[in-house]
$ cat work-v6.cif   # mmCIF, C-alpha atoms
data_data
loop_
_atom_site.label_atom_id
_atom_site.label_comp_id
_atom_site.auth_asym_id
_atom_site.auth_seq_id
_atom_site.Cartn_x
_atom_site.Cartn_y
_atom_site.Cartn_z
CA MET A 173 13.76 74.75 61.60
CA ASN A 174 10.98 74.81 64.16
CA GLU A 175 11.18 71.60 66.14
CA SER A 176 7.39 71.46 66.35
CA GLU A 177 7.08 70.98 62.55
CA GLU A 178 6.72 67.40 61.25
CA SER A 179 9.67 66.06 59.25
CA PRO A 180 8.89 65.78 55.51
CA SER A 181 10.29 62.29 55.35
CA ALA A 182 8.13 60.99 58.12
CA VAL A 183 5.51 58.42 57.20
CA SER A 184 2.28 58.37 59.10
CA GLU A 185 1.41 55.12 60.75
CA PRO A 186 -1.49 53.23 59.14
CA GLU A 187 -4.74 53.66 60.91
CA ASP A 188 -5.15 49.92 61.34
CA ALA A 189 -1.73 49.69 62.90
CA ALA A 190 -2.69 52.44 65.23
CA HIS A 191 -5.48 50.22 66.49
CA GLY A 192 -3.11 47.33 67.01
CA GLU A 193 -3.72 45.41 63.76
CA ASP A 194 -0.88 43.93 61.69
CA PRO A 195 -1.00 45.38 58.11
CA SER A 196 0.50 42.18 56.71
CA ASP A 197 -2.57 40.28 57.86
CA THR A 198 -4.77 42.62 55.86
CA GLN A 199 -2.67 42.34 52.70
CA HIS A 200 -1.84 38.63 52.67
CA GLY A 201 -3.95 36.86 55.20
CA SER A 202 -7.14 36.92 53.10
CA GLY A 203 -5.41 36.03 49.79
CA HIS A 204 -6.30 32.36 50.10
CA SER A 205 -10.00 33.11 50.07
CA HIS A 206 -9.74 34.86 46.70
CA ARG A 207 -7.50 32.30 44.95
CA ARG A 208 -9.21 30.79 41.87
CA ALA A 209 -9.91 27.09 42.02
CA ARG A 210 -7.95 25.07 39.44
CA MET A 211 -9.88 23.45 36.61
CA PRO A 212 -10.24 19.67 37.04
CA LEU A 213 -7.84 17.67 34.83
CA TRP A 214 -10.61 15.98 32.89
CA LEU A 215 -12.27 19.32 32.09
CA ASP A 216 -8.94 20.90 31.15
CA THR A 217 -8.31 18.00 28.75
CA ILE A 218 -11.72 18.38 27.11
CA VAL A 219 -11.27 22.13 26.67
CA THR A 220 -7.80 21.65 25.18
CA MET A 221 -9.09 19.03 22.72
CA ALA A 222 -12.03 21.23 21.76
CA VAL A 223 -9.75 24.20 21.04
CA ALA A 224 -7.40 21.98 19.00
CA LEU A 225 -10.38 20.66 17.04
CA VAL A 226 -11.63 24.16 16.26
CA ILE A 227 -8.15 25.20 15.10
CA ALA A 228 -7.89 22.10 12.88
CA VAL A 229 -11.27 22.83 11.27
CA LEU A 230 -10.34 26.47 10.66
CA VAL A 231 -7.00 25.46 9.13
CA LYS A 232 -8.71 22.97 6.81
CA THR A 233 -11.44 25.44 5.85
CA PHE A 234 -9.28 28.46 5.14
CA LEU A 235 -5.60 27.48 4.86
CA ILE A 236 -4.52 23.98 3.89
CA GLN A 237 -6.07 20.59 3.20
CA PRO A 238 -4.46 17.20 2.58
CA PHE A 239 -5.34 15.04 -0.44
CA TYR A 240 -4.06 11.76 -1.77
CA ILE A 241 -3.37 10.66 -5.33
CA PRO A 242 -5.52 7.68 -6.39
CA SER A 243 -4.31 7.22 -9.99
CA ALA A 244 -1.37 7.48 -12.39
CA SER A 245 -2.72 10.48 -14.31
CA MET A 246 -0.07 12.86 -12.91
CA ASN A 247 2.97 10.59 -13.27
CA PRO A 248 5.86 11.24 -12.93
CA THR A 249 5.17 14.39 -10.85
CA LEU A 250 2.74 12.57 -8.57
CA VAL A 251 2.44 8.82 -8.19
CA GLU A 252 -0.33 6.69 -6.75
CA ASN A 253 -0.84 7.05 -2.99
CA ASP A 254 1.22 10.24 -2.70
CA LYS A 255 -0.20 12.58 -0.07
CA ILE A 256 -0.14 16.27 -0.89
CA LEU A 257 -0.89 19.52 0.95
CA VAL A 258 -3.08 22.00 -0.89
CA SER A 259 -3.10 25.73 -0.16
CA LYS A 260 -6.62 27.15 -0.07
CA LEU A 261 -5.25 30.68 -0.28
CA THR A 262 -4.89 30.12 -4.05
CA PRO A 263 -7.02 31.23 -5.78
CA GLY A 264 -8.16 34.11 -3.60
CA VAL A 265 -5.35 35.68 -1.62
CA PHE A 266 -2.90 34.59 -4.33
CA ASP A 267 -3.48 34.26 -8.08
CA LEU A 268 -3.33 31.06 -10.08
CA HIS A 269 -0.65 30.72 -12.73
CA ARG A 270 -0.17 28.48 -15.75
CA GLY A 271 1.81 25.45 -14.69
CA ASP A 272 0.35 25.23 -11.17
CA VAL A 273 -0.79 21.82 -9.96
CA ILE A 274 -4.35 22.36 -8.76
CA VAL A 275 -7.07 20.38 -7.01
CA PHE A 276 -10.68 20.90 -8.02
CA GLU A 277 -14.09 19.37 -7.50
CA ASP A 278 -15.36 17.07 -10.22
CA PRO A 279 -16.84 19.58 -12.68
CA ASP A 280 -19.08 17.31 -14.75
CA ASN A 281 -19.00 13.66 -13.65
CA TRP A 282 -15.41 13.14 -14.77
CA ILE A 283 -15.08 10.52 -12.00
CA ASP A 284 -17.21 7.38 -11.81
CA GLY A 285 -18.49 6.41 -8.37
CA ASP A 286 -17.88 7.72 -4.87
CA ALA A 287 -16.09 5.78 -2.15
CA THR A 288 -18.35 7.33 0.50
CA MET A 289 -21.59 6.02 -1.00
CA ASP A 290 -21.14 2.57 0.63
CA PRO A 291 -18.12 3.18 2.88
CA THR A 292 -15.99 0.52 4.52
CA PRO A 293 -14.97 1.02 8.18
CA ARG A 294 -11.62 2.42 7.00
CA VAL A 295 -13.36 4.92 4.73
CA ARG A 296 -15.72 5.91 7.58
CA LEU A 297 -12.72 6.69 9.78
CA MET A 298 -11.10 8.63 6.94
CA MET A 299 -14.32 10.63 6.49
CA ILE A 300 -14.30 11.64 10.17
CA LEU A 301 -10.62 12.60 10.16
CA SER A 302 -11.01 14.40 6.83
CA ALA A 303 -13.80 16.56 8.23
CA VAL A 304 -11.31 18.18 10.60
CA GLY A 305 -8.39 18.21 8.19
CA LEU A 306 -6.44 15.34 9.77
CA ALA A 307 -6.63 13.01 6.76
CA PRO A 308 -7.07 13.23 2.98
CA ASP A 309 -10.62 13.33 1.64
CA PRO A 310 -11.63 9.73 0.78
CA SER A 311 -14.65 10.67 -1.36
CA GLN A 312 -12.60 10.78 -4.58
CA ASP A 313 -14.76 13.63 -5.88
CA HIS A 314 -11.72 15.85 -6.40
CA LEU A 315 -9.17 15.74 -9.20
CA VAL A 316 -5.54 16.81 -9.45
CA LYS A 317 -4.28 18.24 -12.77
CA ARG A 318 -1.90 20.85 -14.08
CA LEU A 319 -3.34 24.23 -15.03
CA ILE A 320 -2.52 24.85 -18.70
CA GLY A 321 -4.90 27.58 -19.85
CA LEU A 322 -6.32 30.61 -18.02
CA PRO A 323 -9.48 32.45 -19.11
CA GLY A 324 -9.01 33.84 -22.63
CA ASP A 325 -6.01 31.62 -23.48
CA HIS A 326 -5.81 29.94 -26.88
CA VAL A 327 -4.68 26.33 -26.33
CA VAL A 328 -3.83 24.18 -29.35
CA CYS A 329 -2.58 20.71 -30.18
CA GLU A 330 -2.30 20.54 -33.96
CA GLU A 331 -2.05 16.77 -34.02
CA LYS A 332 -1.99 13.73 -31.79
CA GLY A 333 1.56 13.14 -30.65
CA GLY A 334 2.56 16.75 -31.27
CA ALA A 335 3.55 19.60 -28.97
CA LEU A 336 1.22 21.78 -26.93
CA GLN A 337 0.85 25.48 -27.76
CA VAL A 338 -0.54 28.27 -25.56
CA ASN A 339 -1.18 31.70 -27.09
CA GLY A 340 0.97 30.79 -30.08
CA VAL A 341 3.99 29.62 -28.06
CA GLU A 342 5.07 25.98 -28.26
CA LEU A 343 5.82 24.62 -24.82
CA ASP A 344 8.76 22.59 -23.59
CA GLU A 345 7.19 20.60 -20.75
CA PRO A 346 9.78 18.80 -18.61
CA TYR A 347 7.17 17.60 -16.10
CA ILE A 348 5.22 15.30 -18.46
CA ASN A 349 5.76 11.56 -18.85
CA PRO A 350 8.91 11.36 -21.02
CA GLU A 351 7.69 8.17 -22.66
CA THR A 352 4.74 9.89 -24.36
CA ALA A 353 4.11 13.09 -26.31
CA ALA A 354 2.36 16.18 -25.00
CA CYS A 355 -0.85 15.72 -26.98
CA GLN A 356 -3.09 12.68 -26.76
CA ALA A 357 -5.56 14.25 -29.21
CA ALA A 358 -5.79 17.23 -31.55
CA PHE A 359 -7.79 20.23 -30.34
CA ASP A 360 -8.05 23.98 -30.75
CA VAL A 361 -9.86 25.83 -27.95
CA THR A 362 -10.16 29.24 -26.36
CA VAL A 363 -10.73 29.06 -22.63
CA PRO A 364 -14.02 30.75 -21.63
CA GLN A 365 -14.23 33.45 -18.98
CA ASP A 366 -14.21 32.13 -15.40
CA ASN A 367 -12.90 28.74 -16.52
CA VAL A 368 -9.53 27.00 -16.86
CA TRP A 369 -8.07 24.25 -19.04
CA VAL A 370 -6.27 21.41 -17.20
CA MET A 371 -4.19 18.43 -18.29
CA GLY A 372 -2.53 15.53 -16.49
CA ASP A 373 1.24 15.13 -16.69
CA ASN A 374 0.72 11.55 -17.83
CA ARG A 375 -1.11 12.75 -20.92
CA TYR A 376 -2.05 9.36 -22.39
CA ALA A 377 -3.49 8.14 -19.08
CA SER A 378 -5.42 11.20 -17.96
CA ALA A 379 -9.12 11.93 -18.33
CA ASP A 380 -8.45 15.66 -18.46
CA SER A 381 -9.71 18.64 -20.45
CA ALA A 382 -8.13 17.35 -23.68
CA TYR A 383 -9.68 13.91 -23.26
CA HIS A 384 -13.17 15.25 -22.57
CA GLU A 385 -12.88 17.70 -25.47
CA SER A 386 -12.05 14.78 -27.78
CA GLN A 387 -15.15 12.96 -26.50
CA GLY A 388 -17.39 15.94 -27.25
CA GLU A 389 -17.98 16.53 -23.52
CA SER A 390 -17.60 19.54 -21.25
CA ALA A 391 -13.85 20.10 -21.06
CA PHE A 392 -13.39 23.23 -18.93
CA VAL A 393 -13.16 23.58 -15.16
CA PRO A 394 -15.06 26.49 -13.56
CA GLU A 395 -12.78 28.59 -11.37
CA GLU A 396 -15.34 28.37 -8.56
CA ASP A 397 -14.72 24.59 -8.41
CA ILE A 398 -10.99 24.99 -7.71
CA THR A 399 -10.15 23.97 -4.15
CA GLY A 400 -6.57 25.18 -4.17
CA LYS A 401 -2.99 24.86 -5.36
CA ALA A 402 -0.94 21.77 -4.50
CA GLU A 403 2.23 22.92 -2.73
CA VAL A 404 4.14 19.87 -1.50
CA ILE A 405 4.21 16.09 -1.34
CA PHE A 406 4.28 15.33 2.39
CA TRP A 407 4.01 11.51 2.36
CA PRO A 408 5.75 9.15 2.00
CA VAL A 409 8.81 10.77 3.52
CA GLY A 410 11.02 9.60 0.66
CA ARG A 411 8.83 11.59 -1.75
CA TRP A 412 9.02 14.96 0.04
CA ASP A 413 9.16 17.61 -2.66
CA GLY A 414 7.72 20.97 -3.68
CA LEU A 415 5.38 21.34 -6.65
CA GLY A 416 6.18 24.85 -7.82
CA ASP A 417 8.44 24.26 -10.84
CA GLY A 418 5.76 24.04 -13.53
CA ARG A 419 5.50 27.78 -14.15
CA ASP A 420 8.90 27.88 -15.86
CA ALA A 421 7.49 26.13 -18.95
CA PHE A 422 5.15 29.09 -19.49
CA SER A 423 7.64 31.90 -18.96
CA ASP A 424 7.51 32.93 -22.66
CA VAL A 425 3.74 32.71 -23.00
CA PRO A 426 2.07 36.15 -23.45
CA ALA A 427 -0.80 37.13 -21.22
CA GLN A 428 -3.26 37.06 -24.13
CA PRO A 429 -3.16 35.43 -27.59
#
$ encode --input "work-v6.cif" --output "structure tokens"
Amino acid sequence: MNESEESPSAVSEPEDAAHGEDPSDTQHGSGHSHRRARMPLWLDTIVTMAVALVIAVLVKTFLIQPFYIPSASMNPTLVENDKILVSKLTPGVFDLHRGDVIVFEDPDNWIDGDATMDPTPRVRLMMILSAVGLAPDPSQDHLVKRLIGLPGDHVVCEEKGGALQVNGVELDEPYINPETAACQAAFDVTVPQDNVWVMGDNRYASADSAYHESQGESAFVPEEDITGKAEVIFWPVGRWDGLGDGRDAFSDVPAQP
């Protein structure tokens, strides 16, 4: 090899170093001037709370919402003051099924009064927390019932105190109040398109579709008024339970009459 040729492994000295400057000063010495200032604690707290609030609102709007049970109409499945979580993905992402426990807006003045019309301080606080999904809705303008008939279903009670039939199949309903029969009144209806037929599990203490039909009033619930499907009892702790067993009673019911 010609000694005058430069070795391939040789590294040329940086130009700055050639002028007597330390390269480490160039790389690290000015780093402090570009370091981002930390957010003040108070501002960080506000931002964190705002993000949490947005997430809570989105969850309530699109995913789940808590409700509480104000009456005995769903005994023994749900008792007074139970708190439940309702999935807002059903109907929509998931289909409704006969036997589901559903929550829906009052379809035709089924409920008298509104707790939010002249609210107490406790109700005011509940209204604020409910708006972001942190508490059940205190307005009492929603109802909880069991879905019995889908659009097109033929739902019949031949006599008061008898058994309930859907599309010609007599139901064995283990979820209803065992002290009373399935039918509080006789009726024979076909559920209109885009509507459902609902009944409380405590049939003789429920102002449900059957009751309103017997009174000559509007008895069906528009599907657009359904808020969602009740999934679990989350409070009190001793009442923790799922609410998905009702479909078994309808396993032999055909899709159409």
$ residues_around --input "work-v6.cif" --residues "stretch 348-354 of chain A" --least-positions-apart "3" --cutoff "12 Å" --atoms "all atoms listed in the file" --output "short mmCIF file (atom, residue, chain, number, x, y, z; two decimals) with C-alpha atoms, keeping the file's coordinate frame"
data_model
loop_
_atom_site.label_atom_id
_atom_site.label_comp_id
_atom_site.auth_asym_id
_atom_site.auth_seq_id
_atom_site.Cartn_x
_atom_site.Cartn_y
_atom_site.Cartn_z
CA ALA A 244 -1.37 7.48 -12.39
CA SER A 245 -2.72 10.48 -14.31
CA MET A 246 -0.07 12.86 -12.91
CA ASN A 247 2.97 10.59 -13.27
CA PRO A 248 5.86 11.24 -12.93
CA THR A 249 5.17 14.39 -10.85
CA LEU A 250 2.74 12.57 -8.57
CA VAL A 251 2.44 8.82 -8.19
CA GLY A 271 1.81 25.45 -14.69
CA LYS A 317 -4.28 18.24 -12.77
CA ARG A 318 -1.90 20.85 -14.08
CA ILE A 320 -2.52 24.85 -18.70
CA VAL A 328 -3.83 24.18 -29.35
CA CYS A 329 -2.58 20.71 -30.18
CA GLU A 330 -2.30 20.54 -33.96
CA GLU A 331 -2.05 16.77 -34.02
CA LYS A 332 -1.99 13.73 -31.79
CA GLY A 333 1.56 13.14 -30.65
CA GLY A 334 2.56 16.75 -31.27
CA ALA A 335 3.55 19.60 -28.97
CA LEU A 336 1.22 21.78 -26.93
CA GLN A 337 0.85 25.48 -27.76
CA GLU A 342 5.07 25.98 -28.26
CA LEU A 343 5.82 24.62 -24.82
CA ASP A 344 8.76 22.59 -23.59
CA GLU A 345 7.19 20.60 -20.75
CA ALA A 357 -5.56 14.25 -29.21
CA ALA A 358 -5.79 17.23 -31.55
CA MET A 371 -4.19 18.43 -18.29
CA GLY A 372 -2.53 15.53 -16.49
CA ASP A 373 1.24 15.13 -16.69
CA ASN A 374 0.72 11.55 -17.83
CA ARG A 375 -1.11 12.75 -20.92
CA TYR A 376 -2.05 9.36 -22.39
CA ALA A 377 -3.49 8.14 -19.08
CA SER A 378 -5.42 11.20 -17.96
CA ALA A 382 -8.13 17.35 -23.68
CA GLY A 418 5.76 24.04 -13.53
CA ALA A 421 7.49 26.13 -18.95
#
$ atom_distance --input "work-v6.cif" --atom1 "atom CA of A:Val338" --atom2 "atom CA of A:Leu257"
27.9 Å
$ resolve_selection --input "work-v6.cif" --expression "the PyMOL selection byres ((chain A and resi 403) around 6)" --output "PyMOL selection string"
chain A and resi 257-258+402+404+414-415
$ atom_distance --input "work-v6.cif" --atom1 "atom CA of A:Asp380" --atom2 "atom CA of A:Ile236"
24.2 Å
$ resolve_selection --input "work-v6.cif" --expression "the PyMOL selection byres ((chain A and resi 390-397) around 6)" --output "ChimeraX atom specification"
/A:276-277,279,366-369,381,384-385,389,398
$ atom_distance --input "work-v6.cif" --atom1 "atom CA of A:Pro263" --atom2 "atom CA of A:Gly400"
6.3 Å
$ resolve_selection --input "work-v6.cif" --expression "the PyMOL selection byres ((chain A and resi 255) around 10)" --output "list in words"
Pro238, Phe239, Tyr240, Ile241, Pro242, Leu250, Val251, Glu252, Asn253, Asp254, Ile256, Leu257, Val258, Ala307, Pro308, Val404, Ile405, Phe406, Trp407, Pro408, Val409, Arg411 and Trp412 of chain A
$ closest_residue --input "work-v6.cif" --among "A:Ser243, A:Asn281, A:Thr262, A:Thr220" --to "A:Thr399" --atoms "all atoms listed in the file"
A:Thr262
$ closest_residue --input "work-v6.cif" --among "A:Lys260, A:His326, A:Ala379, A:Gln387" --to "A:Asp360" --atoms "all atoms listed in the file"
A:His326
$ closest_residue --input "work-v6.cif" --among "A:Ala427, A:Ile274, A:Val370, A:Ile283" --to "A:Asn339" --atoms "only C-alpha atoms"
A:Ala427
